[in-house]
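Have a look at my_file32.tsv below; it lists TSV, C-alpha atoms.
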chain	number	residue	atom	x	y	z
K	6	MET	CA	-46.06	-12.98	-10.83
K	7	ASN	CA	-43.85	-14.97	-13.15
K	8	GLU	CA	-40.47	-16.56	-12.33
K	9	ALA	CA	-38.34	-13.89	-14.03
K	10	ALA	CA	-40.05	-11.05	-12.20
K	11	LYS	CA	-39.53	-12.86	-8.87
K	12	LEU	CA	-35.82	-13.37	-9.59
K	13	TYR	CA	-35.52	-9.72	-10.53
K	14	GLN	CA	-37.04	-8.72	-7.20
K	15	VAL	CA	-34.51	-10.89	-5.35
K	16	TRP	CA	-31.68	-9.22	-7.29
K	17	VAL	CA	-33.01	-5.73	-6.55
K	18	TYR	CA	-33.07	-6.63	-2.88
K	19	LEU	CA	-29.62	-8.27	-2.79
K	20	GLN	CA	-27.72	-5.60	-4.70
K	21	ALA	CA	-28.79	-3.00	-2.16
K	22	GLU	CA	-27.17	-5.05	0.67
K	23	PRO	CA	-23.47	-5.12	1.64
K	24	LEU	CA	-23.54	-8.94	1.85
K	25	PHE	CA	-23.69	-9.36	-1.91
K	26	TRP	CA	-20.70	-7.09	-2.61
K	27	LEU	CA	-18.64	-8.52	0.25
K	28	THR	CA	-19.25	-12.06	-1.04
K	29	LEU	CA	-18.38	-11.02	-4.59
K	30	THR	CA	-15.13	-9.34	-3.46
K	31	ILE	CA	-13.97	-12.28	-1.31
K	32	GLY	CA	-15.02	-14.78	-3.98
K	33	ALA	CA	-13.13	-12.92	-6.72
K	34	TYR	CA	-10.06	-12.73	-4.46
K	35	LEU	CA	-10.14	-16.47	-3.65
K	36	LEU	CA	-10.50	-17.29	-7.34
K	37	ALA	CA	-7.66	-14.90	-8.29
K	38	ASN	CA	-5.48	-16.48	-5.60
K	39	LYS	CA	-6.20	-20.00	-6.90
K	40	LEU	CA	-5.25	-18.86	-10.39
K	41	TYR	CA	-2.05	-17.24	-9.07
K	42	GLN	CA	-1.06	-20.43	-7.18
K	43	ALA	CA	-1.90	-22.63	-10.18
K	44	SER	CA	0.29	-20.46	-12.45
K	45	GLY	CA	3.29	-21.02	-10.14
K	46	LEU	CA	3.10	-17.44	-8.77
K	47	PHE	CA	3.33	-15.86	-12.24
K	48	PRO	CA	3.84	-12.12	-11.45
K	49	LEU	CA	1.48	-10.80	-14.15
K	50	LEU	CA	-1.38	-12.78	-12.58
K	51	ASN	CA	-1.04	-10.66	-9.42
K	52	PRO	CA	-4.08	-11.56	-7.27
K	53	VAL	CA	-4.92	-7.92	-6.48
K	54	ALA	CA	-4.97	-6.99	-10.18
K	55	VAL	CA	-6.95	-10.09	-11.20
K	56	SER	CA	-9.59	-9.70	-8.47
K	57	ILE	CA	-10.00	-6.01	-9.34
K	58	LEU	CA	-10.60	-6.96	-13.00
K	59	LEU	CA	-13.04	-9.75	-12.05
K	60	VAL	CA	-15.13	-7.50	-9.81
K	61	SER	CA	-15.06	-4.62	-12.32
K	62	ALA	CA	-16.19	-6.96	-15.10
K	63	CYS	CA	-19.16	-8.08	-12.96
K	64	LEU	CA	-20.14	-4.49	-12.15
K	65	MET	CA	-19.96	-3.47	-15.80
K	66	ALA	CA	-21.88	-6.56	-16.97
K	67	PHE	CA	-24.74	-5.83	-14.55
K	68	GLY	CA	-24.55	-2.05	-14.94
K	69	VAL	CA	-23.90	-1.45	-11.26
K	70	GLU	CA	-22.45	1.90	-10.17
K	71	TYR	CA	-19.17	1.92	-8.27
K	72	GLU	CA	-20.72	3.89	-5.39
K	73	ARG	CA	-23.26	1.13	-4.80
K	74	TYR	CA	-20.55	-1.54	-4.81
K	75	PHE	CA	-18.28	0.45	-2.48
K	76	ASP	CA	-21.13	0.98	-0.06
K	77	GLY	CA	-20.90	-2.75	0.64
K	78	ALA	CA	-17.20	-3.32	0.03
K	79	LYS	CA	-16.23	-0.48	2.37
K	80	PHE	CA	-16.26	-2.97	5.24
K	81	ILE	CA	-13.25	-4.67	3.65
K	82	HIS	CA	-11.71	-1.29	2.87
K	83	PHE	CA	-12.10	-0.34	6.54
K	84	LEU	CA	-9.67	-3.08	7.58
K	85	LEU	CA	-6.79	-1.23	5.85
K	86	GLY	CA	-6.39	0.97	8.94
K	87	PRO	CA	-6.19	-1.84	11.55
K	88	THR	CA	-3.95	-3.88	9.21
K	89	THR	CA	-1.57	-0.93	8.95
K	90	VAL	CA	-1.37	-0.94	12.76
K	91	ALA	CA	-0.77	-4.73	12.66
K	92	LEU	CA	2.38	-4.08	10.56
K	93	ALA	CA	4.01	-3.31	13.93
K	94	VAL	CA	4.19	-7.09	14.53
K	95	PRO	CA	6.64	-8.15	11.77
K	96	ILE	CA	8.79	-5.14	12.69
K	97	TYR	CA	8.67	-6.16	16.38
K	98	LEU	CA	9.56	-9.79	15.60
K	99	ASN	CA	12.63	-8.71	13.62
K	100	TRP	CA	13.68	-5.81	15.81
K	101	ALA	CA	17.20	-7.18	16.41
K	102	VAL	CA	17.95	-7.44	12.67
K	103	ILE	CA	16.51	-3.98	12.06
K	104	LEU	CA	18.64	-2.42	14.81
K	105	LYS	CA	21.71	-4.03	13.28
K	106	THR	CA	20.86	-2.59	9.84
K	107	ARG	CA	19.54	0.77	11.06
K	108	ARG	CA	22.17	2.87	9.31
K	109	ALA	CA	21.48	1.31	5.90
K	110	ILE	CA	17.72	1.50	6.51
K	111	LEU	CA	17.69	5.20	7.37
K	112	ILE	CA	20.00	6.24	4.52
K	113	SER	CA	18.19	4.11	1.91
K	114	VAL	CA	14.75	5.31	2.99
K	115	SER	CA	15.81	8.96	2.73
K	116	LEU	CA	17.65	8.64	-0.59
K	117	GLY	CA	15.07	6.23	-2.07
K	118	SER	CA	12.14	8.51	-1.17
K	119	LEU	CA	13.89	11.58	-2.60
K	120	PHE	CA	14.73	9.60	-5.74
K	121	ALA	CA	11.12	8.41	-6.15
K	122	ILE	CA	9.80	11.96	-5.95
K	123	GLY	CA	12.53	13.32	-8.23
K	124	ILE	CA	12.15	10.71	-10.97
K	125	THR	CA	8.35	11.05	-10.91
K	126	PHE	CA	8.60	14.80	-11.28
K	127	ALA	CA	11.26	14.56	-14.01
K	128	ILE	CA	9.32	12.11	-16.20
K	129	ALA	CA	5.96	13.82	-15.65
K	130	HIS	CA	7.48	17.20	-16.50
K	131	LEU	CA	9.20	15.77	-19.58
K	132	LEU	CA	5.87	14.31	-20.79
K	133	GLN	CA	4.24	17.72	-20.25
K	134	LEU	CA	1.52	16.58	-17.89
K	135	ASP	CA	-0.49	19.43	-16.39
K	136	PRO	CA	0.59	20.81	-12.97
K	137	VAL	CA	-2.39	19.38	-11.03
K	138	THR	CA	-1.70	15.90	-12.42
K	139	ILE	CA	2.00	16.21	-11.54
K	140	LYS	CA	1.09	17.18	-7.96
K	141	SER	CA	-1.26	14.19	-7.79
K	142	LEU	CA	1.56	11.92	-9.02
K	143	LEU	CA	4.34	13.05	-6.64
K	144	PRO	CA	3.44	11.00	-3.52
K	145	ARG	CA	2.49	7.89	-5.54
K	146	ASN	CA	4.99	5.43	-4.00
K	147	VAL	CA	3.62	5.62	-0.45
K	148	THR	CA	0.56	3.90	1.00
K	149	ALA	CA	-2.78	5.30	-0.29
K	150	PRO	CA	-3.99	7.06	2.90
K	151	ILE	CA	-0.66	8.90	3.31
K	152	ALA	CA	-0.40	9.70	-0.41
K	153	MET	CA	-3.92	11.17	-0.46
K	154	GLY	CA	-3.12	13.38	2.53
K	155	ILE	CA	0.06	14.71	0.88
K	156	SER	CA	-1.76	15.27	-2.42
K	157	GLU	CA	-4.34	17.41	-0.68
K	158	ILE	CA	-1.70	19.50	1.11
K	159	ILE	CA	0.21	20.35	-2.10
K	160	GLY	CA	-2.88	20.98	-4.27
K	161	GLY	CA	-3.26	17.70	-6.14
K	162	VAL	CA	-6.51	15.71	-6.52
K	163	PRO	CA	-6.66	13.10	-3.71
K	164	SER	CA	-8.96	10.67	-5.60
K	165	LEU	CA	-6.64	10.78	-8.64
K	166	THR	CA	-3.72	10.14	-6.28
K	167	ALA	CA	-5.55	7.10	-4.85
K	168	ILE	CA	-5.91	5.65	-8.36
K	169	ILE	CA	-2.25	6.36	-9.20
K	170	THR	CA	-1.11	4.81	-5.92
K	171	ILE	CA	-2.96	1.55	-6.55
K	172	VAL	CA	-1.56	1.31	-10.09
K	173	THR	CA	1.95	1.96	-8.70
K	174	GLY	CA	1.50	-0.88	-6.21
K	175	ILE	CA	0.31	-3.31	-8.88
K	176	VAL	CA	3.13	-2.36	-11.29
K	177	GLY	CA	5.70	-2.86	-8.52
K	178	ALA	CA	4.24	-6.18	-7.41
K	179	ALA	CA	3.86	-7.46	-10.98
K	180	PHE	CA	7.24	-6.42	-12.44
K	181	GLY	CA	9.46	-6.10	-9.35
K	182	THR	CA	10.59	-9.73	-9.23
K	183	PHE	CA	11.50	-9.71	-12.92
K	184	VAL	CA	13.38	-6.38	-12.78
K	185	LEU	CA	15.35	-7.23	-9.62
K	186	ASP	CA	16.29	-10.62	-11.13
K	187	LEU	CA	17.46	-8.81	-14.27
K	188	PHE	CA	19.83	-6.66	-12.18
K	189	ARG	CA	20.95	-9.73	-10.22
K	190	ILE	CA	19.83	-8.41	-6.86
K	191	ARG	CA	19.37	-11.64	-4.89
K	192	ASN	CA	19.68	-10.36	-1.33
K	193	MET	CA	16.23	-10.85	0.26
K	194	ALA	CA	16.52	-7.83	2.58
K	195	ALA	CA	17.40	-5.53	-0.34
K	196	ARG	CA	14.63	-6.95	-2.53
K	197	GLY	CA	11.98	-6.56	0.15
K	198	PHE	CA	13.20	-3.07	0.95
K	199	ALA	CA	12.87	-2.01	-2.69
K	200	PHE	CA	9.35	-3.52	-2.92
K	201	GLY	CA	8.14	-1.68	0.20
K	202	LEU	CA	9.66	1.66	-0.76
K	203	ALA	CA	8.63	1.71	-4.43
K	204	SER	CA	5.20	0.04	-4.21
K	205	HIS	CA	3.95	0.35	-0.59
K	206	GLY	CA	1.34	-2.13	0.74
K	207	ILE	CA	0.68	-4.03	-2.48
K	208	GLY	CA	4.43	-4.53	-2.97
K	209	THR	CA	4.78	-5.48	0.71
K	210	ALA	CA	2.01	-8.06	0.40
K	211	ARG	CA	3.81	-9.56	-2.59
K	212	ALA	CA	7.18	-9.60	-0.75
K	213	MET	CA	5.57	-11.21	2.32
K	214	SER	CA	4.04	-13.96	0.22
K	215	ARG	CA	7.49	-14.90	-1.14
K	216	ASP	CA	9.94	-14.60	1.74
K	217	ASN	CA	9.69	-13.74	5.44
K	218	GLN	CA	12.82	-11.57	5.55
K	219	ALA	CA	11.82	-9.74	2.36
K	220	GLY	CA	8.39	-9.12	3.91
K	221	VAL	CA	9.87	-7.60	7.06
K	222	PHE	CA	12.15	-5.22	5.19
K	223	ALA	CA	9.27	-4.30	2.88
K	224	ALA	CA	7.11	-3.42	5.89
K	225	VAL	CA	9.90	-1.32	7.41
K	226	ALA	CA	10.59	0.51	4.12
K	227	MET	CA	6.88	1.13	3.52
K	228	GLY	CA	6.27	2.54	7.00
K	229	LEU	CA	9.37	4.75	7.10
K	230	SER	CA	9.06	6.00	3.51
K	231	GLY	CA	5.48	7.06	4.26
K	232	ILE	CA	6.69	9.17	7.16
K	233	VAL	CA	9.73	10.57	5.30
K	234	THR	CA	7.72	11.38	2.15
K	235	ALA	CA	5.01	13.14	4.17
K	236	ALA	CA	7.76	15.31	5.64
K	237	ILE	CA	9.79	16.09	2.49
K	238	ILE	CA	7.20	16.51	-0.28
K	239	PRO	CA	5.78	19.78	1.04
K	240	LEU	CA	9.40	21.09	1.26
K	241	VAL	CA	10.41	19.84	-2.21
K	242	PHE	CA	7.15	21.23	-3.55
K	243	ILE	CA	8.00	24.75	-2.41
K	244	MET	CA	11.33	24.50	-4.23
K	245	LEU	CA	9.68	23.24	-7.43
K	246	ARG	CA	6.74	25.61	-7.36
K	247	ASP	CA	8.26	28.03	-9.82
K	248	VAL	CA	8.92	25.30	-12.35
K	249	LEU	CA	5.40	23.91	-11.93
K	250	GLY	CA	3.99	27.39	-12.32
K	251	ALA	CA	5.93	27.84	-15.54
K	252	ALA	CA	4.68	24.48	-16.84
K	253	GLY	CA	1.05	25.61	-16.37
F	23	MET	CA	-9.05	-12.99	18.94
F	24	LEU	CA	-11.49	-10.37	20.18
F	25	ASP	CA	-8.97	-8.95	22.67
F	26	SER	CA	-6.39	-8.60	19.87
F	27	ILE	CA	-8.91	-6.77	17.68
F	28	PHE	CA	-9.71	-4.49	20.59
F	29	ILE	CA	-6.02	-3.70	21.17
F	30	ILE	CA	-5.38	-2.98	17.47
F	31	PHE	CA	-8.50	-0.76	17.22
F	32	MET	CA	-7.44	1.10	20.38
F	33	PHE	CA	-4.00	1.85	18.93
F	34	GLN	CA	-5.56	3.07	15.71
F	35	LEU	CA	-8.05	5.18	17.66
F	36	VAL	CA	-5.29	6.82	19.72
F	37	GLY	CA	-3.28	7.30	16.48
F	38	GLU	CA	-6.22	8.98	14.70
F	39	ALA	CA	-6.92	11.22	17.72
F	40	THR	CA	-3.23	12.24	17.96
F	41	GLN	CA	-3.13	13.01	14.23
F	42	LYS	CA	-6.25	15.21	14.41
F	43	TYR	CA	-5.26	16.96	17.63
F	44	PHE	CA	-1.76	17.95	16.47
F	45	ALA	CA	-2.79	18.25	12.77
F	46	LEU	CA	0.11	15.95	11.81
F	47	PRO	CA	0.75	15.13	8.10
F	48	VAL	CA	1.23	11.44	9.03
F	49	PRO	CA	-1.97	9.31	8.95
F	50	GLY	CA	-3.47	8.00	12.19
F	51	PRO	CA	-2.91	4.26	11.49
F	52	VAL	CA	0.84	4.90	10.99
F	53	ILE	CA	0.99	6.64	14.37
F	54	GLY	CA	-0.94	3.65	15.78
F	55	LEU	CA	1.67	1.33	14.25
F	56	VAL	CA	4.53	3.21	15.95
F	57	LEU	CA	2.71	3.26	19.31
F	58	MET	CA	1.93	-0.47	19.16
F	59	LEU	CA	5.54	-1.24	18.23
F	60	VAL	CA	6.80	0.77	21.22
F	61	CYS	CA	4.37	-1.07	23.52
F	62	LEU	CA	5.36	-4.49	22.15
F	63	LEU	CA	9.07	-3.78	22.68
F	64	TRP	CA	8.46	-2.26	26.11
F	65	THR	CA	6.30	-5.14	27.42
F	66	LYS	CA	8.89	-7.61	26.16
F	67	ARG	CA	11.53	-5.86	28.21
F	68	THR	CA	9.46	-5.80	31.41
F	69	ASN	CA	8.40	-9.42	30.72
F	70	LEU	CA	5.31	-9.82	32.91
F	71	PRO	CA	3.83	-13.33	32.36
F	72	LEU	CA	0.22	-12.07	32.14
F	73	ILE	CA	1.06	-9.57	29.40
F	74	ALA	CA	3.29	-12.08	27.62
F	75	ASP	CA	0.27	-14.34	26.96
F	76	GLN	CA	-1.72	-11.45	25.63
F	77	ARG	CA	1.19	-10.36	23.47
F	78	ASP	CA	1.62	-13.80	21.92
F	79	ARG	CA	-2.04	-13.81	20.91
F	80	LEU	CA	-1.74	-10.30	19.47
F	81	VAL	CA	1.29	-11.39	17.43
F	82	THR	CA	-0.52	-14.46	16.03
F	83	ASN	CA	-3.73	-12.61	15.22
F	84	SER	CA	-1.91	-9.69	13.60
F	85	GLN	CA	-0.06	-12.10	11.35
F	86	GLN	CA	-3.37	-13.69	10.33
F	87	LEU	CA	-4.75	-10.25	9.49
F	88	LEU	CA	-1.61	-9.39	7.46
F	89	GLY	CA	-2.14	-12.57	5.44
F	90	TYR	CA	-5.17	-10.83	3.87
F	91	LEU	CA	-3.39	-7.55	3.15
F	92	SER	CA	-3.77	-7.90	-0.65
F	93	LEU	CA	-7.55	-8.42	-0.43
F	94	LEU	CA	-8.00	-5.05	1.29
F	95	PHE	CA	-6.86	-3.13	-1.81
F	96	VAL	CA	-9.58	-4.62	-4.02
F	97	PRO	CA	-12.43	-2.17	-3.16
F	98	ILE	CA	-10.44	1.01	-4.04
F	99	GLY	CA	-8.81	-0.82	-6.93
F	100	VAL	CA	-12.21	-1.44	-8.52
F	101	GLY	CA	-12.73	2.32	-8.32
F	102	VAL	CA	-9.61	2.68	-10.49
F	103	ILE	CA	-11.18	0.68	-13.32
F	104	MET	CA	-14.62	2.24	-12.94
F	105	HIS	CA	-13.20	5.80	-12.98
F	106	LEU	CA	-10.64	5.39	-15.77
F	107	GLN	CA	-12.39	8.07	-17.85
F	108	LEU	CA	-11.24	10.60	-15.20
F	109	LEU	CA	-7.74	10.33	-16.65
F	110	GLU	CA	-8.85	10.66	-20.27
F	111	ALA	CA	-6.18	12.20	-22.50
F	112	GLN	CA	-3.40	11.85	-19.95
F	113	LEU	CA	-3.87	8.11	-19.31
F	114	ALA	CA	-0.98	6.81	-21.43
F	115	ARG	CA	1.47	9.37	-20.09
F	116	ILE	CA	0.42	8.77	-16.46
F	117	ILE	CA	0.95	5.04	-16.91
F	118	ALA	CA	4.38	5.73	-18.44
F	119	VAL	CA	5.37	7.86	-15.42
F	120	ILE	CA	4.15	5.18	-12.99
F	121	THR	CA	5.78	2.23	-14.76
F	122	ILE	CA	9.18	3.79	-15.45
F	123	GLY	CA	9.24	5.61	-12.11
F	124	THR	CA	8.40	2.50	-10.07
F	125	ILE	CA	10.89	0.20	-11.79
F	126	VAL	CA	13.77	2.71	-11.68
F	127	THR	CA	13.03	3.54	-8.02
F	128	MET	CA	13.08	-0.16	-7.10
F	129	VAL	CA	16.45	-0.80	-8.71
F	130	PHE	CA	17.94	2.41	-7.27
F	131	THR	CA	16.71	1.61	-3.75
F	132	ALA	CA	17.95	-1.99	-3.82
F	133	PHE	CA	21.40	-0.86	-5.04
F	134	ILE	CA	21.72	1.91	-2.42
F	135	PHE	CA	20.63	-0.51	0.30
F	136	LEU	CA	23.29	-3.03	-0.71
F	137	LYS	CA	25.98	-0.36	-1.21
F	138	ILE	CA	25.56	0.89	2.36
F	139	GLY	CA	25.81	-2.66	3.63
F	140	GLY	CA	22.15	-3.36	4.40
F	141	GLY	CA	22.41	-6.83	2.91
F	142	ALA	CA	25.29	-7.97	5.14
F	143	LYS	CA	24.51	-10.74	7.62
F	144	ASP	CA	26.53	-9.02	10.36
F	145	GLU	CA	27.11	-5.33	10.23

Take the structure in the file and write it out as structure tokens.
Amino acid sequence: MNEAAKLYQVWVYLQAEPLFWLTLTIGAYLLANKLYQASGLFPLLNPVAVSILLVSACLMAFGVEYERYFDGAKFIHFLLGPTTVALAVPIYLNWAVILKTRRAILISVSLGSLFAIGITFAIAHLLQLDPVTIKSLLPRNVTAPIAMGISEIIGGVPSLTAIITIVTGIVGAAFGTFVLDLFRIRNMAARGFAFGLASHGIGTARAMSRDNQAGVFAAVAMGLSGIVTAAIIPLVFIMLRDVLGAAG
Amino acid sequence: MLDSIFIIFMFQLVGEATQKYFALPVPGPVIGLVLMLVCLLWTKRTNLPLIADQRDRLVTNSQQLLGYLSLLFVPIGVGVIMHLQLLEAQLARIIAVITIGTIVTMVFTAFIFLKIGGGAKDE
């Protein structure tokens, strides 16, 4: 057997194992992080977005199906659940501040969540997207597992919602700093809160990497908006059903 | 480390079981988050030295885990790129909804939060 055939056999073996895809994912993330640090935390070089592009480019170059990749990378994906539970810690550490601000937190979470749903529906309706797509878009600002659950309940497509949710997170993390600077919002609690509410975990990760207080308020906003949105979307949906029906 | 992982997994497990049993619209890990928060606050109040040690480790290890939060979105994110053709004709409009919606929501939320006095040092 010649050298090339032997190498090919090694590749066939490796690409069927989780190890290869886990190594690729972590490697791409470390590289993306290095790039992000070297650029002086340039928002458009968001490490999540860059690592996703790096891994996707590798898969396309080698003609690997996503299902095969995910079969290995699902071990990283699995940690999303436990890490969500771990978000209790920053909330616990800042409990005193949160209690002090509880009125503002509760009112902003309720109004912000309603606003997010309303503006999404308004723009989607204006652009004449089809009803199923609109339903899949509605819960987009909350964390992926919650958004997918809501999407299923109201008749959207959960996998489409997952995609939309990730893009929402990346958009928020990439442009949030710039937009909030533009409107001269300098208060770290308010900034973090806006990141967590509008762009869930990816926005929260970005806020945490910049400022501790911003990170805490992002985590609080993300957690509460998930709960509030899960409660109000099915209600809002019933009220909008006639309009959606007419759009179809 | 291992004890912290065990505690976090246990809270998630109880959260998932509660969600399934009562058919709640809130995901299991979020219920686990709330339960762990309640336990953290409660054990701090009772202040037993044995539990305090355990709690300090849990706090440190959870923070380490949270440091990798961004990485955990990469696997589903790759699915976004690989399944872009799913969106086909609607792609540009969907991106418009997401971009405008996210930016406007952020600014609105930050303003409301400040208006109600959330940014004040002492309320």

Counting all atoms listed in the file, chain F residues within 7 Å of chain K, as a ChimeraX atom specification: /F:30-31,34,47-49,51-52,54-56,58-59,62-63,81,84,87-88,91-97,99-104,115,119-121,123-125,127-129,131-132,134-136,138-141,145

Selected residue of minimal separation from Ala179 of chain K among K:Leu143, K:Leu49, K:Gly220, K:Leu19, counting all atoms listed in the file: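 Closest residue, counting all atoms listed in the file: K:Leu49.
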
Separation of atom CA of Ser230 of chain K from atom CA of Ala39 of chain F, in Å and rounded to one decimal: 22.0 Å

Computed interatomic separation between atom CA of Met32 of chain F and atom CA of Leu24 of chain K (Å):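 Between atom CA of Met32 of chain F and atom CA of Leu24 of chain K the gap works out to 26.5 Å.
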
Distance in Å - atom CA of Trp16 of chain K versus atom CA of Ile98 of chain F: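 That distance, rounded to one decimal, is 23.8 Å.
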
Polymer residues at most 12 Å from Thr65 of chain F, all atoms listed in the file, same-chain spacing of 4 or more positions, as a PyMOL selection string: (chain K and resi 97) or (chain F and resi 58-61+69-78)

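Residue nearest Lys140 of chain K, chosen from K:Thr28, K:Thr182, K:Gln42, K:Ser156 and counting all atoms listed in the file: K:Ser156.
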